[in-house]
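Below is one structure, written out as structure tokens; comments come after it.
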Amino acid sequence: MQLTFSRRSKPDFQSEFLATILKANTDPKLVTFAGGNPNSESFPVAEMNAAADIVLRENGVMALQYSSTQGYLPLRQYIADRYRFSDLTVDPSEVIITNGSQQALDLFSAMMIDSGDCVLVESPTYLAALQTLHLYSPEIIPVPLHEDGIDVDALQQIVDEKRPKFIYLIPNFQNPTGLSYTEEVRARASEVFRGRNILVLEDNPYGELRFQGEPAHSFGWYLGEQCCMLGTFSKIISPGMRIGWIVCKQKELLEKMLTYKATLDLHTNIFGQMVMHRYLMDNNLDTHLTEARKLYKHKAEHMISCIEKYFPAECQCTHPGGGMFLWVTLPDGIRGVDVQNESITWGFPVCAGDPFFEYERNVPHLRLNFSNGTDEQIDNGMRVVGEIIRELMEKG
Ligand code: PMP
């Protein structure tokens, strides 16, 4: 049988790249630094078991029945209330619970992009965001990212020239670099957007995993309804439960996303939403986060000290104050893909920088996940990766 697939089904560069990483992620023999898994030590298994038990016992019929597309109201209320800690006022009616924030990214993109529309992203940016955008064929314009955040001068110029529909930003402990925007960059970038027909789509899966420095304001604080905010429980509680959200203060856009979500999946798993809500009612998320932050601070510091010990002196890496990733810049002429391929052979996969860029290839970068390995695995992995880089340098 000869199937004729749609153009959309053709894998993009990122999907092909991701297939290699995911394969390494599921091989139990390999210790991976290539994925984005939270440390399983931090999973509240017993507490979730208790929450599931209570939900089924006290509210089993509701948990097993169809539910509303927008999501379980008490959970939306919890999410809305938590924005108060960021000096933001969010109403539960402005929140849609989604199947991970990945789905929210898709809902937003599907409702906003026609083929050829201009969309801005940071360069580098989250590879699965590029994958989602590619489904809708926009013109993607990358804006350089520096140690202190997005390049505001470049942003101003691109916005003036291209009149983009929206910009996708990850201002806290970005994936892949671990970098965060300073308050000054947030304020200046907001001035570029203010008063224009550009939405800001702020993705913030790592903001609550800060282990150093002071929090800065969300673009939602600067721009109000001009900013839609993505959030998720994946990195702070459990990615397997697939519960994320979007805060959207644009009523018309919210309605369109709801209609589209209903078409896609009717609603996000209500049992999971109710269990998550019960867990949040019966446990203190901040106590849980304090533990997770302590663990990740230690992991980040340990990985950086191993990099300093084992990598050639010409290598540089970011020093994130939170999140799960750091970004390595390799010596001149060394390609991240060559390091990645060797690292898989040696059983310690790392991820090359290439899929995080829309256009650049064979870049001298690696993304390393520090949250997931044991101290010993991090030590062994960084030693091996350091040797791989050295060998590639010797080969010239
Ligand atoms: N955005 C970013 C920047 C991410 O790193 C991730 C997960 N790696 C997601 C969104 C998606 O997270 P989820 O769908 O699990 O909420």
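Labels used: A, B, ... for chains in the order of the structure tokens, numbers from 1 for residues in each chain, and numbers from 1 for ligands as shown.
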Margin query: With only C-alpha atoms as the counted atoms, please give the residues lying no more than 7 Å from region 378-381 of chain A, apart from itself and same-chain residues fewer than 5 positions off, as a VMD selection string.
Written below: chain A and resid 303 306 348 373
Using only N, CA and C atoms, please write the residues we just selected to a file, as a tab-separated table (two decimals), in the first residue's frame.
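Wrote it out as again03.tsv, contents follow:
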```tsv
chain	number	residue	atom	x	y	z
A	303	MET	N	28.09	19.91	38.71
A	303	MET	CA	28.39	19.77	37.27
A	303	MET	C	29.40	20.84	36.84
A	306	CYS	N	32.82	19.88	37.91
A	306	CYS	CA	33.35	18.78	37.08
A	306	CYS	C	33.79	19.31	35.71
A	348	PHE	N	27.10	8.26	27.72
A	348	PHE	CA	26.76	9.48	28.48
A	348	PHE	C	26.25	10.55	27.53
A	373	GLY	N	21.19	13.39	36.98
A	373	GLY	CA	22.14	12.33	37.32
A	373	GLY	C	22.50	12.29	38.79
```
Check: Which residues sit within 10 Å of ligand 1, counting only C-alpha atoms and all ligand atoms, listed as a PyMOL selection string?
Finding: chain A and resi 35-38+98-105+125-129+168-176+202-206+230-235+238-245+323-325
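Here CA of Val247 (chain A) stands at a distance of 25.0 Å from CA of Thr290 (chain A).
Among the candidate residues A:Glu376, A:Glu94, A:Asp151, A:Asp114, the one lying nearest to Leu254 (chain A) is A:Glu94, with distances computed using only C-alpha atoms.
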Next item on the list: Enumerate, as a ChimeraX atom specification, the complete set of residues in region 139-281 of chain A that a backbone-based DSSP assignment places in strand (DSSP E).
Entry: /A:139-146,149-150,166-169,199-203,227-232,243-247
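Nearest residue to Glu308 (chain A), choosing from A:Met382, A:Met1, A:Val337, A:Leu130 and counting only C-alpha atoms: A:Met382.
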Item checked: Surrounding residues of region 263-274 of chain A excluding itself and chain neighbours under 5 positions, 8 Å, only C-alpha atoms, as a list of chain:residue names -> A:Val55, A:Ala63, A:Leu64, A:Gln65, A:Tyr66, A:Ser67, A:Ser68, A:Thr69, A:Gln70, A:Gly71, A:Tyr72, A:Leu75, A:Ile97, A:Thr98, A:Asn99, A:Met241, A:Ile243
Check: Which residues, written as number ranges by chain, have at least one atom at most 12 Å from Glu161 (chain A), with only C-alpha atoms counted and residues fewer than 4 positions away on the same chain left out?
Finding: A: 118, 141, 154-157
Note to self: Taking the DSSP secondary structure from the backbone, can you list the residues of region 249-284 of chain A that are alpha helix (DSSP H), as a PyMOL selection string?
What the structure shows: chain A and resi 251-265+270-282
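The nearest approach to Phe85 (chain A) among the residues A:His217, A:His146, A:His277, A:Arg383, with only C-alpha atoms taken into account, belongs to A:His217.
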Margin query: Between A:Ser42, A:Gln212, A:Thr329, A:Thr182, which residue has the minimum interatomic distance to Glu291 (chain A), considering only C-alpha atoms?
Written below: A:Ser42
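Considering only C-alpha atoms, the residue among A:Ala352, A:Ile237, A:Ile158, A:Cys248 positioned nearest to Leu199 (chain A) is A:Cys248.
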Note to self: Just want the 9 Å neighbourhood of Ala187 (chain A), counted on only C-alpha atoms, with same-chain residues fewer than 3 positions away dropped. Output as number ranges by chain.
What the structure shows: A: 182-184, 190-191, 217, 219, 222
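For the pair CA of Asp53 (chain A) and CA of Leu289 (chain A), the interatomic distance is 23.3 Å.
For the atom pair formed by CA of Arg82 (chain A) and CA of Asp286 (chain A), the distance is 10.9 Å, given to one decimal.
For the choices A:Gly178, A:Asp91, A:Phe166, A:Asn39, the atom-to-atom distance to Cys227 (chain A) is smallest for A:Phe166 when using only C-alpha atoms.
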Check: Within 12 Å of Val328 (chain A), counting only C-alpha atoms, which residues qualify if same-chain residues fewer than 5 places away don't, as number ranges by chain?
Finding: A: 176-179, 303-304, 307-308, 311-320, 334-336, 339, 350-353, 363-369, 382, 385-386, 389
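The protein and nucleic acid residues lying at most 8 Å from Pro355 (chain A) are Phe13, Gln14, Phe17 and Leu127 of chain A, with only C-alpha atoms considered and sequence neighbours fewer than 6 positions away removed.
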